[in-house]
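Enquirer: Below are the structure tokens for one structure; questions will follow.
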Amino acid sequence: GNSVTQMEGPVTLSEEAFLTINCTYTATGYPSLFWYVQYPGEGLQLLLKATKADDKGSNKGFEATYRKETTSFHLEKGSVQVSDSAVYFCALSPSPQGAQKLVFGQGTRLTINP
Amino acid sequence: DTAVSQTPKYLVTQMGNDKSIKCEQNLGHDTMYWYKQDSKKFLKIMFSYNNKELIINETVPNRFSPKSPDKAHLNLHINSLELGDSAVYFCASSQASRGYGYTFGSGTRLTVV
């Protein structure tokens, strides 16, 4: 079946530190991959996406590259800010199109200290 | 304008009661979803409707019944509420043909006492 595994949290960093949140997936075929962010008390927001191997998604200084050979989609940011504190979810959609369900990882809570 | 709106935002109710959560999207999407987020933040799909037709129905107790009067609305009715139903319920929508991922509502925090 399809599944997503994220690194265990919580993750605590100082402002301006480098961030990596690991995400690996199991899927048949060619899934699309996503990172969502959930700020306290809010719903999930799409942060970035990639729909095929070697695609790089980027937004707000965050990046993730779709690596089919390692079945990974790690999230990175070069210099984090206090405002990046949130829960981050890696997710996959089994196919690029169609009304397929998104499968989420367990979420990683990130706290950035000033 | 809110893209996906849910009401109510908070719902506190006693065990055994029946309650409904409403969801509306103004994005013109053809597919809507209900997800449940537990206390550990784990998200699990419950239902999905495409153009008012039920297409995903995960293993959810019969006490949960979704209804989609039109493709812009997806409501969730829960009968005989139990303590274990306490969670945050998220509505989401997407356009199936585009594959751009979902747009989520801000959630309904349900507390059963």
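Here, A, B, ... name the chains of the structure tokens in the order displayed, residue numbers run from 1 inside each chain, and ligands are numbered from 1 in the same displayed order.
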Produce a table with one row for each residue of chain A that has an atom at most 12 Å from any atom of chain B, each row naming the nearest atom pair and its distance in Å at one decimal; use only C-alpha atoms; arrange rows by chain and rising residue number; format as CSV.
Expert:
residue,atom,partner,partner_atom,distance
A:Ser3,CA,B:Lys44,CA,11.8
A:Val4,CA,B:Leu43,CA,11.7
A:Thr5,CA,B:Phe42,CA,11.7
A:Gln6,CA,B:Phe42,CA,11.6
A:Glu8,CA,B:Lys40,CA,12.0
A:Gly9,CA,B:Lys40,CA,11.2
A:Pro10,CA,B:Lys40,CA,11.7
A:Pro31,CA,B:Gly99,CA,10.5
A:Ser32,CA,B:Gly99,CA,8.2
A:Leu33,CA,B:Gly101,CA,9.0
A:Phe34,CA,B:Gly101,CA,7.6
A:Trp35,CA,B:Gly101,CA,9.9
A:Tyr36,CA,B:Tyr102,CA,9.6
A:Val37,CA,B:Phe104,CA,11.0
A:Gln38,CA,B:Ser106,CA,9.6
A:Tyr39,CA,B:Ser106,CA,10.2
A:Pro40,CA,B:Ser106,CA,10.4
A:Gly41,CA,B:Ser106,CA,7.7
A:Glu42,CA,B:Ser106,CA,5.0
A:Gly43,CA,B:Ser106,CA,4.0
A:Leu44,CA,B:Phe104,CA,5.8
A:Gln45,CA,B:Phe104,CA,6.8
A:Leu46,CA,B:Thr103,CA,7.4
A:Leu47,CA,B:Gly101,CA,10.4
A:Leu48,CA,B:Gly101,CA,9.6
A:Lys49,CA,B:Tyr100,CA,8.0
A:Ala50,CA,B:Tyr100,CA,9.5
A:Thr51,CA,B:Gly99,CA,8.7
A:Ala86,CA,B:Lys41,CA,11.7
A:Val87,CA,B:Lys41,CA,8.6
A:Tyr88,CA,B:Lys41,CA,10.2
A:Phe89,CA,B:Leu43,CA,9.3
A:Cys90,CA,B:Leu43,CA,11.0
A:Ala91,CA,B:Gly101,CA,9.5
A:Leu92,CA,B:Gly101,CA,9.2
A:Ser93,CA,B:Gly101,CA,7.9
A:Pro94,CA,B:Gly99,CA,10.4
A:Ser95,CA,B:Gly99,CA,8.1
A:Pro96,CA,B:Gly99,CA,5.2
A:Gln97,CA,B:Gly99,CA,4.4
A:Gly98,CA,B:Ala96,CA,4.4
A:Ala99,CA,B:Ala96,CA,4.7
A:Gln100,CA,B:Ala96,CA,7.9
A:Lys101,CA,B:Ile45,CA,7.1
A:Leu102,CA,B:Ile45,CA,7.8
A:Val103,CA,B:Lys44,CA,7.7
A:Phe104,CA,B:Leu43,CA,6.4
A:Gly105,CA,B:Phe42,CA,7.6
A:Gln106,CA,B:Phe42,CA,5.1
A:Gly107,CA,B:Lys41,CA,6.7
A:Thr108,CA,B:Lys41,CA,9.1
A:Arg109,CA,B:Lys41,CA,9.4
Enquirer: Go ahead and write the residues just picked, N, CA and C atoms, as a compact mmCIF listing (two decimals), in the first residue's frame.
Expert:
# COMPACT_ATOMS: atom_id res chain seq x y z
N SER A 3 2.27 4.66 1.73
CA SER A 3 2.53 5.17 3.07
C SER A 3 3.62 6.23 3.02
N VAL A 4 3.63 7.06 4.06
CA VAL A 4 4.62 8.13 4.19
C VAL A 4 5.18 8.09 5.59
N THR A 5 6.50 8.18 5.70
CA THR A 5 7.15 8.19 7.01
C THR A 5 7.99 9.44 7.15
N GLN A 6 7.78 10.18 8.21
CA GLN A 6 8.54 11.40 8.48
C GLN A 6 9.42 11.18 9.70
N GLU A 8 10.84 11.68 13.32
CA GLU A 8 10.14 11.92 14.57
C GLU A 8 10.42 13.36 15.03
N GLY A 9 9.41 13.96 15.59
CA GLY A 9 9.63 15.25 16.21
C GLY A 9 9.57 15.12 17.72
N PRO A 10 9.52 16.21 18.45
CA PRO A 10 9.62 17.56 17.90
C PRO A 10 11.05 17.95 17.55
N PRO A 31 3.68 8.56 -7.79
CA PRO A 31 2.86 9.48 -7.00
C PRO A 31 3.31 10.93 -7.15
N SER A 32 2.43 11.84 -6.78
CA SER A 32 2.81 13.23 -6.56
C SER A 32 3.12 13.38 -5.08
N LEU A 33 4.05 14.28 -4.76
CA LEU A 33 4.48 14.47 -3.38
C LEU A 33 4.25 15.91 -2.94
N PHE A 34 3.92 16.08 -1.68
CA PHE A 34 3.55 17.39 -1.15
C PHE A 34 4.15 17.59 0.24
N TRP A 35 4.37 18.85 0.56
CA TRP A 35 4.58 19.25 1.94
C TRP A 35 3.49 20.25 2.30
N TYR A 36 2.84 19.99 3.45
CA TYR A 36 1.85 20.89 3.99
C TYR A 36 2.36 21.41 5.33
N VAL A 37 1.90 22.63 5.69
CA VAL A 37 2.27 23.22 6.97
C VAL A 37 1.00 23.59 7.73
N GLN A 38 1.02 23.33 9.02
CA GLN A 38 -0.14 23.66 9.87
C GLN A 38 0.35 24.56 10.99
N TYR A 39 -0.07 25.83 10.95
CA TYR A 39 0.25 26.76 12.02
C TYR A 39 -0.74 26.56 13.16
N PRO A 40 -0.39 26.93 14.37
CA PRO A 40 -1.26 26.67 15.52
C PRO A 40 -2.68 27.17 15.31
N GLY A 41 -3.64 26.30 15.54
CA GLY A 41 -5.05 26.67 15.45
C GLY A 41 -5.59 26.83 14.05
N GLU A 42 -4.80 26.44 13.06
CA GLU A 42 -5.25 26.64 11.67
C GLU A 42 -5.30 25.30 10.92
N GLY A 43 -5.85 25.37 9.72
CA GLY A 43 -5.86 24.20 8.85
C GLY A 43 -4.53 24.04 8.14
N LEU A 44 -4.44 23.02 7.33
CA LEU A 44 -3.21 22.77 6.60
C LEU A 44 -3.13 23.65 5.36
N GLN A 45 -1.93 24.12 5.08
CA GLN A 45 -1.70 24.91 3.87
C GLN A 45 -0.65 24.20 3.02
N LEU A 46 -0.89 24.19 1.74
CA LEU A 46 0.10 23.60 0.83
C LEU A 46 1.36 24.46 0.83
N LEU A 47 2.49 23.85 1.11
CA LEU A 47 3.76 24.57 1.13
C LEU A 47 4.47 24.43 -0.21
N LEU A 48 4.59 23.19 -0.70
CA LEU A 48 5.21 22.96 -1.99
C LEU A 48 4.85 21.57 -2.48
N LYS A 49 5.12 21.33 -3.77
CA LYS A 49 4.77 20.03 -4.35
C LYS A 49 5.74 19.67 -5.47
N ALA A 50 5.76 18.39 -5.81
CA ALA A 50 6.52 17.90 -6.95
C ALA A 50 5.76 16.72 -7.54
N THR A 51 5.66 16.69 -8.84
CA THR A 51 4.81 15.69 -9.47
C THR A 51 5.56 14.60 -10.22
N ALA A 86 5.77 25.47 13.40
CA ALA A 86 4.51 24.89 12.93
C ALA A 86 4.68 23.37 12.90
N VAL A 87 3.62 22.69 12.47
CA VAL A 87 3.71 21.25 12.22
C VAL A 87 3.77 21.05 10.71
N TYR A 88 4.71 20.25 10.26
CA TYR A 88 4.92 20.01 8.83
C TYR A 88 4.54 18.57 8.49
N PHE A 89 3.76 18.45 7.41
CA PHE A 89 3.28 17.14 6.98
C PHE A 89 3.77 16.85 5.57
N CYS A 90 4.36 15.69 5.39
CA CYS A 90 4.68 15.18 4.07
C CYS A 90 3.50 14.33 3.62
N ALA A 91 3.18 14.37 2.34
CA ALA A 91 2.02 13.62 1.85
C ALA A 91 2.25 13.17 0.43
N LEU A 92 1.54 12.11 0.05
CA LEU A 92 1.59 11.68 -1.35
C LEU A 92 0.18 11.47 -1.88
N SER A 93 0.06 11.68 -3.18
CA SER A 93 -1.15 11.34 -3.90
C SER A 93 -0.77 10.26 -4.89
N PRO A 94 -1.47 9.14 -4.88
CA PRO A 94 -1.05 8.00 -5.68
C PRO A 94 -0.89 8.28 -7.17
N SER A 95 -1.62 9.24 -7.70
CA SER A 95 -1.45 9.58 -9.10
C SER A 95 -1.54 11.09 -9.23
N PRO A 96 -0.95 11.66 -10.26
CA PRO A 96 -0.93 13.12 -10.39
C PRO A 96 -2.31 13.72 -10.48
N GLN A 97 -3.25 12.99 -11.02
CA GLN A 97 -4.58 13.54 -11.18
C GLN A 97 -5.60 12.56 -10.65
N GLY A 98 -6.79 13.00 -10.62
CA GLY A 98 -7.85 12.12 -10.15
C GLY A 98 -8.16 12.38 -8.69
N ALA A 99 -9.33 12.01 -8.29
CA ALA A 99 -9.79 12.26 -6.93
C ALA A 99 -9.26 11.18 -6.00
N GLN A 100 -7.94 11.11 -5.87
CA GLN A 100 -7.33 10.13 -4.98
C GLN A 100 -7.10 10.74 -3.63
N LYS A 101 -7.12 9.92 -2.62
CA LYS A 101 -6.90 10.45 -1.28
C LYS A 101 -5.43 10.76 -1.08
N LEU A 102 -5.18 11.82 -0.34
CA LEU A 102 -3.84 12.14 0.09
C LEU A 102 -3.50 11.26 1.28
N VAL A 103 -2.29 10.69 1.26
CA VAL A 103 -1.81 9.91 2.39
C VAL A 103 -0.77 10.75 3.10
N PHE A 104 -0.96 10.98 4.38
CA PHE A 104 -0.09 11.88 5.14
C PHE A 104 0.89 11.11 6.01
N GLY A 105 2.04 11.70 6.22
CA GLY A 105 2.93 11.25 7.27
C GLY A 105 2.39 11.71 8.61
N GLN A 106 3.10 11.36 9.67
CA GLN A 106 2.57 11.61 11.01
C GLN A 106 2.78 13.04 11.47
N GLY A 107 3.45 13.85 10.67
CA GLY A 107 3.68 15.25 11.06
C GLY A 107 4.94 15.40 11.91
N THR A 108 5.61 16.53 11.72
CA THR A 108 6.80 16.86 12.51
C THR A 108 6.62 18.27 13.07
N ARG A 109 6.62 18.36 14.38
CA ARG A 109 6.46 19.68 15.01
C ARG A 109 7.82 20.37 15.05
Enquirer: Show which residues sit within 7 Å of range 58-72 of chain B, as a list in words. Count only C-alpha atoms, and ignore same-chain residues fewer than 3 positions away.
Expert: Glu24, Gln25, Asn26, Asp30, Ile45, Met46, Phe47, Asn51, Lys52, Asn75, Leu76, His77, Ile78, Asn79 and Ser80 of chain B
Enquirer: Emit the selected residues as a short mmCIF file (atom, residue, chain, number, x, y, z; two decimals), in the first residue's frame, including C-alpha atoms.
Expert:
data_model
loop_
_atom_site.label_atom_id
_atom_site.label_comp_id
_atom_site.auth_asym_id
_atom_site.auth_seq_id
_atom_site.Cartn_x
_atom_site.Cartn_y
_atom_site.Cartn_z
CA GLU B 24 -18.61 24.93 1.87
CA GLN B 25 -16.04 25.71 -0.82
CA ASN B 26 -16.14 28.57 -3.32
CA ASP B 30 -15.34 19.08 -7.99
CA ILE B 45 -9.23 10.41 5.45
CA MET B 46 -12.83 9.56 6.21
CA PHE B 47 -14.84 10.34 3.08
CA ASN B 51 -19.54 15.84 -8.02
CA LYS B 52 -21.89 14.77 -5.21
CA ASN B 75 -21.65 18.08 5.52
CA LEU B 76 -20.82 15.53 8.18
CA HIS B 77 -23.46 14.22 10.56
CA ILE B 78 -22.46 12.19 13.59
CA ASN B 79 -24.98 10.16 15.60
CA SER B 80 -24.63 8.94 19.18
#
Enquirer: Can you tell me, as a PDB file with C-alpha atoms, in the first residue's frame, which residues in range 3-110 of chain B count as strand (DSSP E) by DSSP?
Expert:
ATOM      1  CA  VAL B   4     -13.067  26.400   2.263  1.00  0.00           C
ATOM      2  CA  SER B   5     -15.158  27.315   5.275  1.00  0.00           C
ATOM      3  CA  GLN B   6     -16.324  25.038   8.062  1.00  0.00           C
ATOM      4  CA  THR B   7     -18.839  25.647  10.783  1.00  0.00           C
ATOM      5  CA  TYR B  10     -15.602  24.609  18.051  1.00  0.00           C
ATOM      6  CA  LEU B  11     -18.190  22.092  19.188  1.00  0.00           C
ATOM      7  CA  VAL B  12     -18.539  20.787  22.732  1.00  0.00           C
ATOM      8  CA  THR B  13     -21.265  18.239  23.316  1.00  0.00           C
ATOM      9  CA  LYS B  19     -24.274  16.805  15.764  1.00  0.00           C
ATOM     10  CA  SER B  20     -23.475  18.115  12.288  1.00  0.00           C
ATOM     11  CA  ILE B  21     -20.510  19.951  10.820  1.00  0.00           C
ATOM     12  CA  LYS B  22     -20.932  21.951   7.633  1.00  0.00           C
ATOM     13  CA  CYS B  23     -18.421  22.680   4.904  1.00  0.00           C
ATOM     14  CA  GLU B  24     -18.611  24.927   1.866  1.00  0.00           C
ATOM     15  CA  GLN B  25     -16.042  25.713  -0.815  1.00  0.00           C
ATOM     16  CA  THR B  31     -14.091  16.960  -5.098  1.00  0.00           C
ATOM     17  CA  MET B  32     -14.476  17.387  -1.352  1.00  0.00           C
ATOM     18  CA  TYR B  33     -13.097  15.425   1.592  1.00  0.00           C
ATOM     19  CA  TRP B  34     -13.418  14.918   5.323  1.00  0.00           C
ATOM     20  CA  TYR B  35     -10.284  14.167   7.345  1.00  0.00           C
ATOM     21  CA  LYS B  36      -9.961  13.433  11.049  1.00  0.00           C
ATOM     22  CA  GLN B  37      -6.919  14.650  12.994  1.00  0.00           C
ATOM     23  CA  LEU B  43      -4.516  12.809   9.709  1.00  0.00           C
ATOM     24  CA  LYS B  44      -6.753  10.132   8.294  1.00  0.00           C
ATOM     25  CA  ILE B  45      -9.231  10.406   5.447  1.00  0.00           C
ATOM     26  CA  MET B  46     -12.829   9.556   6.205  1.00  0.00           C
ATOM     27  CA  PHE B  47     -14.835  10.336   3.079  1.00  0.00           C
ATOM     28  CA  SER B  48     -14.571  11.881  -0.343  1.00  0.00           C
ATOM     29  CA  TYR B  49     -17.229  13.086  -2.764  1.00  0.00           C
ATOM     30  CA  ASN B  50     -16.708  13.859  -6.426  1.00  0.00           C
ATOM     31  CA  GLU B  53     -20.982  11.086  -5.581  1.00  0.00           C
ATOM     32  CA  LEU B  54     -19.329   9.195  -2.727  1.00  0.00           C
ATOM     33  CA  ILE B  55     -16.015   7.835  -4.008  1.00  0.00           C
ATOM     34  CA  ILE B  56     -13.973   7.193  -0.881  1.00  0.00           C
ATOM     35  CA  ASN B  57     -15.452   5.686   2.250  1.00  0.00           C
ATOM     36  CA  PHE B  64     -20.782   9.039  10.660  1.00  0.00           C
ATOM     37  CA  SER B  65     -22.802   9.994   7.612  1.00  0.00           C
ATOM     38  CA  PRO B  66     -21.641  12.500   4.999  1.00  0.00           C
ATOM     39  CA  LYS B  67     -24.035  14.373   2.760  1.00  0.00           C
ATOM     40  CA  SER B  68     -23.270  16.418  -0.324  1.00  0.00           C
ATOM     41  CA  PRO B  69     -26.276  18.411  -1.541  1.00  0.00           C
ATOM     42  CA  ASP B  70     -24.177  19.935  -4.326  1.00  0.00           C
ATOM     43  CA  HIS B  73     -21.053  21.571   0.030  1.00  0.00           C
ATOM     44  CA  LEU B  74     -20.133  18.549   2.082  1.00  0.00           C
ATOM     45  CA  ASN B  75     -21.648  18.084   5.523  1.00  0.00           C
ATOM     46  CA  LEU B  76     -20.822  15.529   8.176  1.00  0.00           C
ATOM     47  CA  HIS B  77     -23.456  14.224  10.559  1.00  0.00           C
ATOM     48  CA  ILE B  78     -22.465  12.194  13.589  1.00  0.00           C
ATOM     49  CA  ALA B  87     -10.764  15.285  17.391  1.00  0.00           C
ATOM     50  CA  VAL B  88     -10.303  18.043  14.868  1.00  0.00           C
ATOM     51  CA  TYR B  89     -12.246  17.429  11.662  1.00  0.00           C
ATOM     52  CA  PHE B  90     -10.963  19.034   8.483  1.00  0.00           C
ATOM     53  CA  CYS B  91     -12.845  19.578   5.294  1.00  0.00           C
ATOM     54  CA  ALA B  92     -10.845  19.924   2.070  1.00  0.00           C
ATOM     55  CA  SER B  93     -11.467  20.318  -1.628  1.00  0.00           C
ATOM     56  CA  SER B  94      -9.580  19.728  -4.837  1.00  0.00           C
ATOM     57  CA  THR B 103      -7.254  23.294  -0.047  1.00  0.00           C
ATOM     58  CA  PHE B 104      -8.161  22.763   3.598  1.00  0.00           C
ATOM     59  CA  THR B 108     -13.744  21.973  13.603  1.00  0.00           C
ATOM     60  CA  ARG B 109     -12.546  20.986  17.050  1.00  0.00           C
ATOM     61  CA  LEU B 110     -15.074  18.515  18.444  1.00  0.00           C
TER      62      LEU B 110
END
